[in-house]
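For reference, the structure is listed below as structure tokens.
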Amino acid sequence: MSVVSLNLNNQALKSALQRIGFNSSYVGQMESEKLFTNNEIKESFKNIIDSQDTLKPIRITINRLIDSDKIVPVHTTPGILAQIKYIFSKKKKTFAESNHCLAFFDFETRKIFVLVEYVRSFGLWKNKENLSLVLLHELQHYTSIAFPNSFIKIHLNSLIKYYTRFFKLYFHVDISKKECVSFIKWLHFKFETVKGRNSLDNSFLLSYVKVLKSILQKYYKSKEQLDKDVLAFVLALKLYLTSSSMYINAVTSKQPSVFPLFLALYKSYKAINVIDPGSMVIQELKAPGEVISIESEFNTSSKHFILIKKIR
């Protein structure tokens with residue numbers, strides 16, 4: 001039985017899951033307890049967030065977003081949450097997770113859904129930061145789409161540091177700041193704006209090739225080597241887009257066709273003082289917002305709160 005075919009109390013979650021393609025995904029049997037949200041769960045969720053330090057500077061904003069259903073806390077059982085994580089990974093649906101919780105931003109409804117196990121067990125969550133950090137991660141994705149120009153302006157320095165390091169590690173070139181900004185803005189427009197996402201089609205990998213070559217060609221003495229390096233990049237990205245499980249297997253087995261790209265993305269986080277991003281890095285090639293989401297978890301600062309306050 002699929003999640004959305006069940007008699008869910010949370011109709012907003014059902015609608016969001018249908019929109020992103022999970023209306024026929026099998027997640028196993030749920031017994032008497034189903035996915036749902038209500039005022040009691042919202043209050044429990046607020047109490048958990050209040051007990052953690054990360055979001056205290058914007059506590060009033062968070063409570064407002066919960067009350068207005070921009071943030072939707074959902075109680076779920078442990079077994080179902082594990083299976084939803086599996087399905088989301090298989091479908092390449094982006095989400096943030098930690099122990100006993102998962103959050104994702106739904107582009108169509110502009111809502112963040114936070115699936116939480118043991119939401120009523122205040123003692124389990126007290127003085128732990130993982131739920132707040134998962135929520136903060138998804139709020140960065142929310143703001144990258146809701147306020148695209150402001151997002152880039154606020155976080156540009158971090159993005160330049162990350163992607164400059166990536167080009168150095170993977171292509172072995174030192175691109176200029178201007179070239180890096182151009183790449184970041186292209187990537188951001190293509191995948192994190194309404195207009196860009198609406199124009200996406202199967203030819204975007206060809207666009208990727210053109211953008212990379214326009215940046216890299218002056219740094220390469222050999223056209224053949226440039227073509228070879230860009231092709232390796234695109235094939236590794238295409239593998240992920242075709243089958244995330246195959247990409248993960250290729251990374252874990254350190255296959256030379258994929259592992260150098262993974263390693264470059266992973267090590268580039270050191271440029272923004274993140275030693276271990278704790279993820280199977282690849283989303284960074286589709287969304288600069290992922291870099292800032294990871295940064296917000298490990299090096300939370302006031303800049304990560306600015307746009308969240310503007311969400312209405």
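All residue names refer to the structure tokens as shown: chains lettered A, B, ... in order, residues numbered from 1 in each chain, ligands numbered from 1 in order.
DSSP annotation of range 107-213 of chain A from backbone atoms: strand (DSSP E) residues are A:Lys111, A:Ile112, A:Phe113, A:Val114, A:Leu115, A:Val116.
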Keeping C-alpha atoms, export the residues of the selection given above as a compact mmCIF listing (two decimals), in the first residue's frame.
```
# COMPACT_ATOMS: atom_id res chain seq x y z
CA LYS A 111 6.01 24.21 2.18
CA ILE A 112 8.62 22.41 4.24
CA PHE A 113 7.44 19.04 5.52
CA VAL A 114 9.22 17.70 8.59
CA LEU A 115 8.59 14.02 9.32
CA VAL A 116 9.42 13.26 12.94
```
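The shell of residues at most 10 Å from Phe305 in chain A, with only C-alpha atoms counted and near chain neighbours (fewer than 6 positions) removed, consists of Leu55, Pro57, Ile58, Thr61, Leu136, Leu139, Gln140, Thr143 and Ser296 of chain A.
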Writer output for current selection, N, CA and C atoms, as a compact mmCIF listing (two decimals), in the first residue's frame:
```
# COMPACT_ATOMS: atom_id res chain seq x y z
N LEU A 55 17.93 27.71 16.42
CA LEU A 55 16.95 28.61 15.82
C LEU A 55 16.39 29.64 16.80
N PRO A 57 17.44 32.61 17.56
CA PRO A 57 17.37 33.98 17.04
C PRO A 57 16.14 34.24 16.17
N ILE A 58 15.53 33.19 15.65
CA ILE A 58 14.35 33.39 14.80
C ILE A 58 13.17 32.54 15.30
N THR A 61 9.74 33.74 14.26
CA THR A 61 9.50 33.46 12.84
C THR A 61 9.15 32.00 12.62
N LEU A 136 16.72 23.92 9.40
CA LEU A 136 17.50 25.04 8.88
C LEU A 136 18.03 24.73 7.48
N LEU A 139 15.24 25.20 5.07
CA LEU A 139 14.88 26.62 4.96
C LEU A 139 15.81 27.37 4.01
N GLN A 140 17.07 26.93 3.91
CA GLN A 140 17.98 27.55 2.93
C GLN A 140 17.49 27.26 1.51
N THR A 143 14.56 29.55 0.81
CA THR A 143 14.91 30.94 0.52
C THR A 143 15.65 31.08 -0.81
N SER A 296 25.04 26.00 6.54
CA SER A 296 24.18 26.46 7.63
C SER A 296 24.15 25.46 8.78
```
Residues near range 154-166 of chain A, cut-off 10 Å, only C-alpha atoms, skip fewer than 4 positions along chain, as a PyMOL selection string = chain A and resi 144+149-150+170-181+183-185+261+263-273+284-285+288-289+291-292+295+303-304+306-307
Those in range 108-299 of chain A with helix (DSSP H, G or I) from DSSP, as a count of residues only = 139
key: Closest of A:Leu226, A:Ile152, A:Ala287, A:Ile294 to Val274 in chain A - atom-to-atom distances counting only C-alpha atoms   = A:Ile294
request  = Can you work out which one of A:Ile48, A:Val230, A:Cys101, A:Ile145 has the shortest atom-to-atom distance to Lys195 in chain A, counting only C-alpha atoms?
outcome  =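 Checking each candidate against Lys195 in chain A, we get A:Ile145 as the closest.
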message = Show me, as an NGL selection string, the residues that have an atom within 8 Å of Glu138 in chain A when counting only C-alpha atoms, minus same-chain residues fewer than 4 positions from it.
response = :A and (95-96 or 103-105 or 112 or 134 or 142 or 293)
I'd like the neighbourhood of Phe262 in chain A as an mmCIF file with C-alpha atoms, in the first residue's frame, where a residue qualifies if any of its atoms comes within 7 Å (using only C-alpha atoms), though same-chain residues fewer than 6 positions away should be ignored.
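Final file, result30.cif:
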```cif
data_model
loop_
_atom_site.group_PDB
_atom_site.id
_atom_site.type_symbol
_atom_site.label_atom_id
_atom_site.label_comp_id
_atom_site.auth_asym_id
_atom_site.auth_seq_id
_atom_site.Cartn_x
_atom_site.Cartn_y
_atom_site.Cartn_z
ATOM 1 C CA VAL A 251 31.520 6.128 -5.322
ATOM 2 C CA VAL A 281 27.794 14.969 -2.419
ATOM 3 C CA ILE A 282 26.438 15.565 -5.943
#
```
ask   = Interatomic distance between CA of Glu290 in chain A and CA of Ile275 in chain A?
value =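 Between CA of Glu290 in chain A and CA of Ile275 in chain A the gap is 15.5 Å.
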Counting only C-alpha atoms, the residue of A:Val194, A:Lys93, A:Ala250, A:His100 that sits nearest Gly79 in chain A =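 Ranking A:Val194, A:Lys93, A:Ala250, A:His100 by distance to Gly79 in chain A, first place goes to A:His100.
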query = Which distance in Å separates CA of Lys286 in chain A and CA of Lys221 in chain A, to one decimal?
reply =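 We find that CA of Lys286 in chain A and CA of Lys221 in chain A lie 28.0 Å from each other.
CA of Leu131 in chain A lies 25.4 Å from CA of Ile248 in chain A.
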